[in-house]
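*Asks:* Just dropping this structure here.
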Amino acid sequence: MQPGPSQSSPEIDPGEEHKPVEASAGHGIVPAIPSSSKSVRFPLRPGNGSLGTKCLVKANHFFAELPDKDLHHYDVSITPEVTSRILSRAIIKELVNLYRQSYLGGRLPAYDGRKSLYTAGPLPFTSQEFHITLLDDDDGSGSERRRRKFKVVIKFAARADLHRLGLFLAGRHVEAPQEALQVLDIVLRELPSARFAPFGRSFFSPDLGRRQPLGDGLESWRGFYQSIRPTQMGLSLNIDMSATAFIEPLPVIDFVGQLLKSEIHSRPLSDAERVKIKKALRGVKVEVTHRGNMRRKYRISGLTTQATRELTFPVDEGGTMKSVVQYFQETYGFAIQHTYLPCLQVGNQQRPNYLPMEVCKIVEGQRYSKRLNQNQIRALLDETCQHPRDRERDIIRMVKHNAYEKDDYAQEFGIKISDRLASVEARILPAPRLKYNETGREKDCLPRVGQWNMMNKKMVNGGKVKSWICVNFARNVQESVVRGFCQELALMCQASGMDFAREPVLPPLYARPDQVERALKARYHDAMNILGPQRRELDLLIGILPDNNGSLYGDLKRVCEIDLGIVSQCCCTKQVFKMNKQILANLALKINVKVGGRNTVLVDAVSRRIPLVTDRPTIIFGADVTHPHPGEDSSPSIAAVVASQDWPEVTKYAGLVSAQAHRQELIEDLYKVWQDPQRGTVSGGMIRELLISFKRSTGEKPQRIIFYRDGVSEGQFYQVLLYELNAIRKACASLEANYQPKVTFVVVQKRHHTRLFAHNHNDHNSMDRSGNILPGTVVDSKICHPTEFDFYLCSHAGIKGTSRPAHYHVLWDENNFSADELQTLTNNLCYTYARCTRSVSIVPPAYYAHLAAFRARFYMEPETSDSGSSRSTRAPGGAAVRPLPALKDNVKRVMFYC
């Protein structure tokens, strides 16, 4: 019987020959790589670590009791097809309201907004068709509301196996039953989805905290993140505070005024302003205000090129034309004031409707998903930056506010959520001792609470800068100030242990910011006219930039690294004017590694006391892929790989970069083979080139590879491991027959929502000065994976807000690291980051790869257009990506990205 209707509503140059590490080169036998996720298993945890001082911390994980219910999965199909989750949810909500007690047997189903519906126990049918009628919202016009009819078919699909989930949590089953986890996630999202605005895994509302203006017509809304996770303590609900940007519900004309930061009530717009408005407003929903209570809503599709006063449209089949101004006057009695402004276009592009800006208001609750500017990012970070004590308080308040124990869905499915933060055993790993040069007053140092300084110390290996130049692009910095700054910087580099020439090759030059390429190339050639006859190279360029320098920084780096082949150090005007010892010392650290020096090394590395690293030649890689900003729908993604070039110290890293397909996470250029007309099959790729470079600089070939891979989400673990481990294997085999060093592959994650808090906020011995847990705090129990080898490590001291620990997950380990060995190595490496005298939050090779990938975005040719994309590559499924221009050899051998 059918229910009736409702009654209501790289950079490797392909032409370059790559020589093998040893003469007996060949394509050796590549060991078998698991061919699919079915045949690969991530390493099991090799026991828990024991090193360090034991302590207790709290984590924003809440124990969730596994339900003792029989969960059923049903497929949902809606006709006509619905693409909006909001509409899909409204249809199913109406169906449940009408038929819960009859056809649904009293069950309250949980719906994912797409094609799946779940119940605690079976429905009284295996397949059933429903007819649902929804009424459109009342738009205040008094006219009859439109009825929309839908056919909904609900069909039994499968039973969700909670028994297997229980076995997995107990460590007796290796693979997580994803569907069972998905059901529980959907059930716990039902209530907040109805109360708040859902985006991704977070929920936002103007009622969850104050709105804060972000500038340019945007505001921040507070919200919370929620995810159910399998952990060693059982099921855990991870809750964290968050904030994001929404478009302010302003009259469009006010939004445009804020966006352009100028008065627009009495002047026409320039073409550049029109393009800016079009980009900002495309896709935004507005409601009209010129018809009293009738508030019809429209989505903006574009902006007219003509002013409102010039716009006409046909009003009948005979082609009679009427102006927009006349139409609004006659039809609504509305006199348009701002006739010189363009109209908004709504509806489809073939037959657009015109709406004057002044009759439209932005509808509330629209998340802004495009790129934020620097000021907006700063304002949003200020809004999300909370003292750990305050963040902990807000998380607990949010759990109680959601009242999971009173949630109809949680009760229906038998899910119970604790309202107390998980108490977790942790350990604080000791800081490593750092070695400096023997000629300094302090030959080594032991950092305190994650930091130290350069007083009385000299760099362990000072680089040489025999010839350098300075170009000043900041108009407000006088020549005498520039000279004084350069002199002080040279003295600081000398005092820190560098062989640094006191005077530049040529006096500092002022150049206009809009002539950066011409100025740099001219000054470089002038310098080389002096140095060339002496067979000397230019070692360094110092660039002084305005504080707000737009594209100037990127242009300078591109010209230096791609065209001229020199490293550069940029300084902002505020640094020049301030010019204190700390600023100068920091600049010296960066300059030293850019010219091939080393700032510090681990004492344990020099004395060969690092297990599985210093006993035999070991290379440490860092790899990352950065994707274009939202809204840039065709720009390439940039992959970067760095690798240590010294051993046993593992401190100096060479880097390579490569453009690849838009939003492609797998690194395509790790290993590649191509056919050369003269030489036949040629091997190359980033891994191969960096292995060769390691052999050149150390005289050894690596016997171990440790590969830290940044930026991979859990859903991509298998795919990335299978592809990239295979590429590493092939790169090694291409160098020498049977050359297969042992590989450890570790994913580094920062984009997670686990936060660790001091167990007692009144105990100042358990916190750093910012109220965060102490640097070196490691957790590998309770909130970690039930069986696999992962850990959370907070390796840095907090500065502001709540520290985010890094999450390390081992996906492959032929070197058989113990928990203590890998945790200690990772923590100790965090003290070797070259750009500052602080331990950093993620392991330096991963950090360097991120910096190199970010730098490479400046190398792409800009192609700004009206469509909103700013850089060129293939469209999805299109032709090949345009490769990045090649870095000069002398640049890629040093840490140019620092």
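Each chain in the structure tokens gets a letter, A, B, ..., in the order shown, and its residues are numbered from 1; ligands are numbered from 1 in order too.
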Segment 692-803 of chain A: which residues are helix (DSSP H, G or I) by DSSP, as a PyMOL selection string?

*Replies:* chain A and resi 692-698+714-733+764-766

*Asks:* Can you build me a table of segment 716-795 of chain A residues sitting at most 12 Å from segment 592-616 of chain A, with the closest atom pair per residue and its distance in Å to one decimal, using only C-alpha atoms, sorted by chain and residue number, as JSON lines?

*Replies:*
```
{"residue": "A:Pro741", "atom": "CA", "partner": "A:Arg616", "partner_atom": "CA", "distance": 11.0}
{"residue": "A:Lys742", "atom": "CA", "partner": "A:Leu612", "partner_atom": "CA", "distance": 10.6}
{"residue": "A:Val743", "atom": "CA", "partner": "A:Leu612", "partner_atom": "CA", "distance": 11.3}
{"residue": "A:Thr744", "atom": "CA", "partner": "A:Leu612", "partner_atom": "CA", "distance": 10.6}
```

*Asks:* List every residue of segment 315-402 of chain A that DSSP, applied to the backbone of this structure, assigns to strand (DSSP E or B), and report them as a compact mmCIF listing (two decimals) with N, CA and C atoms, in the first residue's frame.

*Replies:*
```txt
# COMPACT_ATOMS: atom_id res chain seq x y z
N MET A 321 10.82 47.61 -26.14
CA MET A 321 11.86 47.70 -25.12
C MET A 321 11.45 48.68 -24.02
N LYS A 322 11.85 48.37 -22.82
CA LYS A 322 11.58 49.27 -21.70
C LYS A 322 12.85 49.37 -20.86
N SER A 323 13.12 50.54 -20.33
CA SER A 323 14.32 50.68 -19.49
C SER A 323 14.04 50.14 -18.09
N PRO A 342 26.08 49.52 -11.99
CA PRO A 342 25.55 48.38 -12.77
C PRO A 342 24.46 47.66 -12.00
N CYS A 343 23.71 46.81 -12.67
CA CYS A 343 22.69 45.97 -12.04
C CYS A 343 23.27 44.60 -11.74
N LEU A 344 22.70 43.94 -10.74
CA LEU A 344 23.01 42.54 -10.50
C LEU A 344 22.25 41.71 -11.52
N GLN A 345 22.88 40.66 -12.02
CA GLN A 345 22.18 39.71 -12.89
C GLN A 345 21.84 38.50 -12.05
N VAL A 346 20.55 38.08 -12.11
CA VAL A 346 20.12 36.88 -11.39
C VAL A 346 19.44 35.96 -12.40
N ASN A 353 17.68 38.18 -15.27
CA ASN A 353 16.87 39.28 -14.74
C ASN A 353 17.82 40.34 -14.20
N TYR A 354 17.41 41.59 -14.29
CA TYR A 354 18.23 42.68 -13.77
C TYR A 354 17.64 43.18 -12.46
N LEU A 355 18.50 43.29 -11.43
CA LEU A 355 18.07 43.86 -10.15
C LEU A 355 19.02 44.99 -9.78
N PRO A 356 18.53 46.20 -9.60
CA PRO A 356 19.40 47.29 -9.14
C PRO A 356 19.97 46.94 -7.76
N CYS A 360 18.42 45.27 -3.18
CA CYS A 360 18.82 43.92 -2.76
C CYS A 360 19.57 43.93 -1.44
N LYS A 361 19.26 42.92 -0.63
CA LYS A 361 19.95 42.74 0.66
C LYS A 361 20.48 41.31 0.68
N ILE A 362 21.71 41.15 1.20
CA ILE A 362 22.31 39.81 1.26
C ILE A 362 21.60 38.97 2.31
N ARG A 367 28.15 31.25 4.06
CA ARG A 367 29.57 31.16 4.36
C ARG A 367 30.37 31.69 3.18
```

*Asks:* Could you name the residues that touch Leu725 of chain A at 12 Å or less, counting only C-alpha atoms, but leaving out those on the same chain fewer than 2 positions away, as a VMD selection string?

*Replies:* chain A and resid 30 to 35 40 666 to 667 670 to 671 687 705 to 709 717 to 723 727 to 732 740 to 746 811 to 814

*Asks:* So the first atom is atom CA of Arg502 of chain A and the second is atom CA of Asn580 of chain A; what is the distance between them in Å, to one decimal place?

*Replies:*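 Separating atom CA of Arg502 of chain A from atom CA of Asn580 of chain A is a distance of 18.5 Å.
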